[in-house]
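Undergrad: Next up, model-v8.cif (mmCIF, C-alpha atoms and all ligand atoms).
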```
data_query
#
loop_
_atom_site.label_atom_id
_atom_site.label_comp_id
_atom_site.auth_asym_id
_atom_site.auth_seq_id
_atom_site.Cartn_x
_atom_site.Cartn_y
_atom_site.Cartn_z
CA MET A 1138 0.00 0.00 0.00
CA ALA A 1139 1.11 3.51 -0.65
CA ILE A 1140 0.02 7.05 0.00
CA ARG A 1141 -0.44 8.86 -3.32
CA GLU A 1142 -0.40 12.57 -4.09
CA ILE A 1143 -3.84 14.19 -4.12
CA LEU A 1144 -4.43 16.53 -7.08
CA THR A 1145 -5.72 20.01 -6.24
CA VAL A 1146 -7.38 22.76 -8.28
CA PRO A 1147 -6.77 23.99 -10.90
CA ASP A 1148 -5.27 20.66 -12.07
CA PRO A 1149 -7.06 19.95 -15.39
CA ARG A 1150 -7.22 16.22 -14.65
CA LEU A 1151 -9.90 16.95 -12.04
CA LYS A 1152 -12.19 17.95 -14.94
CA GLU A 1153 -11.83 14.62 -16.76
CA VAL A 1154 -14.78 12.24 -17.04
CA SER A 1155 -13.62 8.93 -15.55
CA ARG A 1156 -14.15 5.71 -17.49
CA PRO A 1157 -15.88 2.56 -16.24
CA VAL A 1158 -13.98 -0.49 -15.08
CA VAL A 1159 -14.49 -3.04 -17.85
CA GLY A 1160 -14.66 -6.70 -16.91
CA PRO A 1161 -14.25 -8.10 -13.43
CA VAL A 1162 -12.82 -6.30 -10.38
CA THR A 1163 -9.21 -7.51 -10.28
CA ASP A 1164 -6.37 -7.54 -7.76
CA GLU A 1165 -5.02 -4.48 -9.60
CA HIS A 1166 -8.24 -2.58 -8.89
CA ARG A 1167 -8.11 -3.77 -5.27
CA ALA A 1168 -4.49 -2.54 -4.97
CA LEU A 1169 -5.64 0.84 -6.30
CA MET A 1170 -8.53 0.91 -3.80
CA ASP A 1171 -6.12 0.02 -0.97
CA ASP A 1172 -3.87 2.95 -1.95
CA MET A 1173 -6.87 5.27 -2.24
CA LEU A 1174 -8.10 4.30 1.23
CA GLU A 1175 -4.65 4.78 2.77
CA THR A 1176 -4.33 8.17 1.04
CA MET A 1177 -7.81 9.16 2.26
CA TYR A 1178 -7.11 8.15 5.89
CA ASP A 1179 -3.78 9.98 5.81
CA ALA A 1180 -5.31 13.23 4.47
CA PRO A 1181 -7.66 12.76 6.41
CA GLY A 1182 -10.94 12.65 4.49
CA ILE A 1183 -14.18 10.67 4.42
CA GLY A 1184 -14.21 9.88 0.69
CA LEU A 1185 -11.92 9.80 -2.33
CA ALA A 1186 -12.44 9.32 -6.07
CA ALA A 1187 -9.68 7.70 -8.15
CA ILE A 1188 -9.26 10.81 -10.31
CA GLN A 1189 -8.15 12.69 -7.19
CA ILE A 1190 -4.94 10.64 -7.33
CA GLY A 1191 -4.82 10.98 -11.13
CA VAL A 1192 -6.47 7.68 -12.11
CA PRO A 1193 -9.48 8.31 -14.40
CA LEU A 1194 -11.48 5.21 -13.41
CA ARG A 1195 -14.97 5.08 -11.90
CA ILE A 1196 -13.78 3.96 -8.47
CA ILE A 1197 -14.55 5.55 -5.08
CA VAL A 1198 -13.57 4.74 -1.50
CA MET A 1199 -15.29 6.07 1.62
CA ASP A 1200 -15.29 5.74 5.39
CA LEU A 1201 -17.90 7.65 7.37
CA SER A 1202 -17.00 6.15 10.77
CA ARG A 1203 -15.99 8.49 13.57
CA GLU A 1204 -13.34 6.48 15.40
CA GLU A 1205 -10.01 5.43 13.99
CA ASP A 1206 -10.18 2.05 15.77
CA ALA A 1207 -13.60 1.20 14.30
CA ARG A 1208 -13.01 1.73 10.61
CA GLU A 1209 -15.78 1.02 8.12
CA PRO A 1210 -14.21 1.20 4.65
CA ARG A 1211 -16.59 1.20 1.67
CA TYR A 1212 -15.56 0.58 -1.91
CA PHE A 1213 -17.49 1.48 -5.06
CA VAL A 1214 -16.67 0.32 -8.57
CA ASN A 1215 -18.82 1.70 -11.43
CA PRO A 1216 -21.31 3.31 -9.03
CA GLU A 1217 -24.60 4.56 -10.45
CA ILE A 1218 -27.33 6.67 -8.89
CA LEU A 1219 -30.55 4.87 -9.87
CA GLU A 1220 -32.98 7.26 -8.23
CA THR A 1221 -33.02 10.40 -6.10
CA VAL A 1222 -35.76 11.95 -3.99
CA GLU A 1223 -37.07 15.47 -4.60
CA GLU A 1224 -36.20 16.59 -1.07
CA LYS A 1225 -32.95 18.59 -0.96
CA LYS A 1226 -30.70 19.12 2.05
CA PRO A 1227 -27.86 21.63 2.51
CA TYR A 1228 -24.52 20.48 3.91
CA GLU A 1229 -21.25 22.30 4.55
CA GLU A 1230 -18.91 20.49 2.16
CA GLY A 1231 -15.17 20.37 1.76
CA CYS A 1232 -12.92 18.57 -0.72
CA LEU A 1233 -9.36 17.27 -0.50
CA SER A 1234 -8.81 18.68 -4.01
CA VAL A 1235 -9.92 22.15 -2.82
CA PRO A 1236 -8.15 22.19 0.56
CA ASP A 1237 -9.35 24.42 3.42
CA ILE A 1238 -12.41 25.70 1.55
CA PHE A 1239 -15.87 24.94 2.94
CA ASP A 1240 -19.28 25.97 1.70
CA GLU A 1241 -22.87 24.84 1.66
CA VAL A 1242 -24.14 22.65 -1.19
CA GLU A 1243 -27.71 21.40 -1.62
CA ARG A 1244 -28.14 17.84 -2.78
CA SER A 1245 -30.85 15.18 -2.78
CA ALA A 1246 -31.54 13.96 0.75
CA ARG A 1247 -31.54 10.30 -0.35
CA CYS A 1248 -30.46 8.34 -3.38
CA ARG A 1249 -30.60 4.74 -4.52
CA LEU A 1250 -27.24 3.29 -5.57
CA ARG A 1251 -25.93 0.40 -7.59
CA TYR A 1252 -22.24 -0.51 -7.58
CA LEU A 1253 -19.73 -3.33 -7.39
CA ASP A 1254 -17.97 -3.76 -4.04
CA TYR A 1255 -14.33 -4.69 -3.24
CA ASN A 1256 -14.99 -8.31 -4.22
CA GLY A 1257 -16.88 -7.42 -7.38
CA ASN A 1258 -20.28 -8.26 -5.94
CA ALA A 1259 -23.22 -6.14 -7.14
CA VAL A 1260 -24.91 -4.08 -4.43
CA GLU A 1261 -28.10 -1.99 -4.51
CA GLU A 1262 -29.04 0.20 -1.56
CA TRP A 1263 -30.42 3.55 -0.41
CA ALA A 1264 -28.04 6.19 0.91
CA GLU A 1265 -29.15 8.93 3.31
CA ASP A 1266 -27.64 11.54 5.63
CA LEU A 1267 -23.86 11.92 5.30
CA TYR A 1268 -23.67 8.82 3.10
CA ALA A 1269 -25.97 10.48 0.54
CA VAL A 1270 -23.98 13.73 0.68
CA CYS A 1271 -20.65 11.98 0.26
CA ILE A 1272 -21.62 9.59 -2.55
CA GLN A 1273 -23.13 12.47 -4.58
CA HIS A 1274 -19.94 14.52 -3.99
CA GLU A 1275 -17.79 11.55 -5.13
CA MET A 1276 -20.02 10.73 -8.12
CA ASP A 1277 -19.56 14.36 -9.20
CA HIS A 1278 -15.77 13.75 -9.27
CA LEU A 1279 -16.34 10.91 -11.78
CA GLU A 1280 -17.97 13.48 -14.10
CA GLY A 1281 -15.21 16.06 -13.58
CA THR A 1282 -17.36 18.19 -11.29
CA LEU A 1283 -16.19 19.66 -7.97
CA PHE A 1284 -18.38 20.95 -5.12
CA ILE A 1285 -17.24 24.49 -5.93
CA ASP A 1286 -18.89 24.09 -9.34
CA HIS A 1287 -22.19 24.23 -7.43
CA LEU A 1288 -21.30 27.68 -6.03
CA SER A 1289 -21.46 31.10 -7.72
CA ARG A 1290 -18.70 31.95 -10.22
CA LEU A 1291 -17.32 34.51 -7.78
CA LYS A 1292 -17.10 32.02 -4.90
CA ARG A 1293 -15.60 29.38 -7.18
CA GLN A 1294 -12.90 31.72 -8.52
CA ARG A 1295 -12.11 32.93 -4.98
CA ALA A 1296 -11.72 29.34 -3.81
CA ILE A 1297 -9.35 28.47 -6.67
CA ASP A 1298 -7.30 31.64 -6.06
CA LYS A 1299 -7.05 30.82 -2.33
CA VAL A 1300 -5.79 27.28 -3.03
CA LYS A 1301 -3.26 28.60 -5.59
CA LYS A 1302 -1.97 31.20 -3.12
CA ALA A 1303 -1.69 28.66 -0.31
CA LYS A 1304 0.32 26.36 -2.62
CA LEU A 1305 2.71 29.18 -3.59
CA ARG A 1306 3.12 30.11 0.08
CA ALA A 1307 3.95 26.48 0.95
CA ILE A 1308 6.56 26.34 -1.82
CA ARG A 1309 8.14 29.61 -0.62
CA GLU A 1310 8.27 28.40 2.99
CA ASP A 1311 9.81 25.15 1.81
CA ALA A 1312 12.62 27.08 0.08
CA ASN A 1313 13.37 29.00 3.33
O1 LIG B 1 -13.25 14.56 3.37
C1 LIG B 1 -14.24 15.03 2.79
N1 LIG B 1 -15.24 15.57 3.53
C2 LIG B 1 -16.46 15.95 3.00
C3 LIG B 1 -17.28 16.75 3.77
C4 LIG B 1 -18.52 17.13 3.30
C5 LIG B 1 -18.92 16.72 2.06
C6 LIG B 1 -18.11 15.92 1.27
C7 LIG B 1 -16.89 15.54 1.74
S1 LIG B 1 -15.87 14.54 0.78
C8 LIG B 1 -14.30 15.04 1.31
C9 LIG B 1 -13.21 14.21 0.69
C10 LIG B 1 -13.21 14.44 -0.80
O2 LIG B 1 -12.75 15.42 -1.33
N2 LIG B 1 -13.77 13.54 -1.55
O3 LIG B 1 -13.85 13.70 -2.86
NI NI B 2 -13.88 15.84 -3.20
#
```
Written as structure tokens, how would this file's structure read?
Ligand code: GNR
Ligand code: NI

TA:
Amino acid sequence: MAIREILTVPDPRLKEVSRPVVGPVTDEHRALMDDMLETMYDAPGIGLAAIQIGVPLRIIVMDLSREEDAREPRYFVNPEILETVEEKKPYEEGCLSVPDIFDEVERSARCRLRYLDYNGNAVEEWAEDLYAVCIQHEMDHLEGTLFIDHLSRLKRQRAIDKVKKAKLRAIREDAN
């Protein structure tokens, strides 16, 4: 397992549409999911899409558990949202690819999912609460969409500028 570098805005790869896994879920996909989970825990975050480490495949990992000693990793290969409810709920979102920026996004309160799990078994289930928020945020990544794309142009541009400035500052401090 390895911790990979997480891409941040304005990296153009974050705008790519990820492609489906074709054929069965293999040990190679599982090795990728292991790396993604380790990278996500290290960050730390509650979800990660493969494109965030530069791999344009429709693969997501997630862990919504609170305690470090009671981990509940979830793996999604080729996830699809089959159905959403009309009811919308706001949630203060963040993204590892837009570090230290937080803002409210409204999404469907519940959605029905279909995906393949770590072992390639097909799963169908309803997601609600934080699970629904997170899977919709991650599914957006597979389409090249970030949570800041749901904000006004002004807020989005401010967020990108802030991340750029923070990166430049970090590079300068590194040189000193
Ligand atoms: O760690 C994360 N926290 C989070 C909080 C609110 C809504 C969505 C998220 S996902 C984010 C990790 C991430 O960037 N996943 O793509
Ligand atoms: Ni994100």

Undergrad: Please compute the atom C3 of ligand LIG 1 (chain B)-atom CA of A:Tyr1212 distance, one decimal, in Å.

TA: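 Separation of atom C3 of ligand LIG 1 (chain B) and atom CA of A:Tyr1212: 17.2 Å.
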
Undergrad: Compare A:Ala1307, A:Val1214, A:Ala1264, A:Ile1183 by their minimum atom-to-atom distance to ligand NI 2 (chain B), counting all atoms listed in the file, and give me the closest one.

TA: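 Of the candidates, the smallest distance to ligand NI 2 (chain B) is held by A:Ile1183.
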
Undergrad: Compile the contact shell of stretch 1254-1257 of chain A as a CSV table (one decimal) with C-alpha atoms, in the frame of the given file: residues with an atom at most 12 Å away, counting all atoms listed in the file, same-chain residues fewer than 6 positions apart removed.

TA:
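The resulting file, out-v8.csv, is shown below:
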```csv
chain,number,residue,atom,x,y,z
A,1158,VAL,CA,-14.0,-0.5,-15.1
A,1159,VAL,CA,-14.5,-3.0,-17.8
A,1160,GLY,CA,-14.7,-6.7,-16.9
A,1161,PRO,CA,-14.2,-8.1,-13.4
A,1162,VAL,CA,-12.8,-6.3,-10.4
A,1163,THR,CA,-9.2,-7.5,-10.3
A,1164,ASP,CA,-6.4,-7.5,-7.8
A,1165,GLU,CA,-5.0,-4.5,-9.6
A,1166,HIS,CA,-8.2,-2.6,-8.9
A,1167,ARG,CA,-8.1,-3.8,-5.3
A,1168,ALA,CA,-4.5,-2.5,-5.0
A,1169,LEU,CA,-5.6,0.8,-6.3
A,1170,MET,CA,-8.5,0.9,-3.8
A,1171,ASP,CA,-6.1,0.0,-1.0
A,1174,LEU,CA,-8.1,4.3,1.2
A,1196,ILE,CA,-13.8,4.0,-8.5
A,1197,ILE,CA,-14.6,5.6,-5.1
A,1198,VAL,CA,-13.6,4.7,-1.5
A,1199,MET,CA,-15.3,6.1,1.6
A,1210,PRO,CA,-14.2,1.2,4.6
A,1211,ARG,CA,-16.6,1.2,1.7
A,1212,TYR,CA,-15.6,0.6,-1.9
A,1213,PHE,CA,-17.5,1.5,-5.1
A,1214,VAL,CA,-16.7,0.3,-8.6
A,1215,ASN,CA,-18.8,1.7,-11.4
A,1216,PRO,CA,-21.3,3.3,-9.0
```

Undergrad: Output the neighbourhood of ligand NI 2 (chain B) as a ChimeraX atom specification, that is, all protein and nucleic acid residues with some atom at most 8 Å from the ligand, counting all atoms listed in the file.

TA: /A:1184-1186,1189,1231-1235,1274-1275,1278,1283-1284

Undergrad: Box time for ligand LIG 1 (chain B): axis-aligned, enclosing all its listed atoms, 3 Å extra on each side; report centre and edge lengths in Å to one decimal, as AutoDock Vina command-line options.

TA:
```
--center_x -15.8 --center_y 15.3 --center_z 0.5 --size_x 12.2 --size_y 9.6 --size_z 12.6
```

Undergrad: Atom CA of A:Lys1304 and atom CA of A:Gly1191 are how many Å apart?

TA: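 Going from atom CA of A:Lys1304 over to atom CA of A:Gly1191 covers 18.3 Å.
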
Undergrad: Just give me the residues with any atom within 6 Å of (-15.0, 7.9, -16.3), file coordinates, counting all atoms listed in the file, written as a tab-separated table (two decimals) with C-alpha atoms, in the coordinates of the input.

TA:
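Just written: point.tsv:
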```tsv
chain	number	residue	atom	x	y	z
A	1154	VAL	CA	-14.78	12.24	-17.04
A	1155	SER	CA	-13.62	8.93	-15.55
A	1156	ARG	CA	-14.15	5.71	-17.49
A	1157	PRO	CA	-15.88	2.56	-16.24
A	1193	PRO	CA	-9.48	8.31	-14.40
A	1194	LEU	CA	-11.48	5.21	-13.41
A	1195	ARG	CA	-14.97	5.08	-11.90
A	1279	LEU	CA	-16.34	10.91	-11.78
```

Undergrad: Considering all atoms listed in the file, return as a PyMOL selection string whatever protein or nucleic-acid residues lie within 12 Å of A:Lys1302, sequence-local ones (same chain, fewer than 4 positions apart) excluded.

TA: chain A and resi 1146-1147+1236-1237+1295-1298+1306-1309

Undergrad: Would you work out the distance separating atom CA of A:Thr1221 from atom CA of A:Arg1293, expressed in Å to one decimal?

TA: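 So the answer is 25.8 Å.
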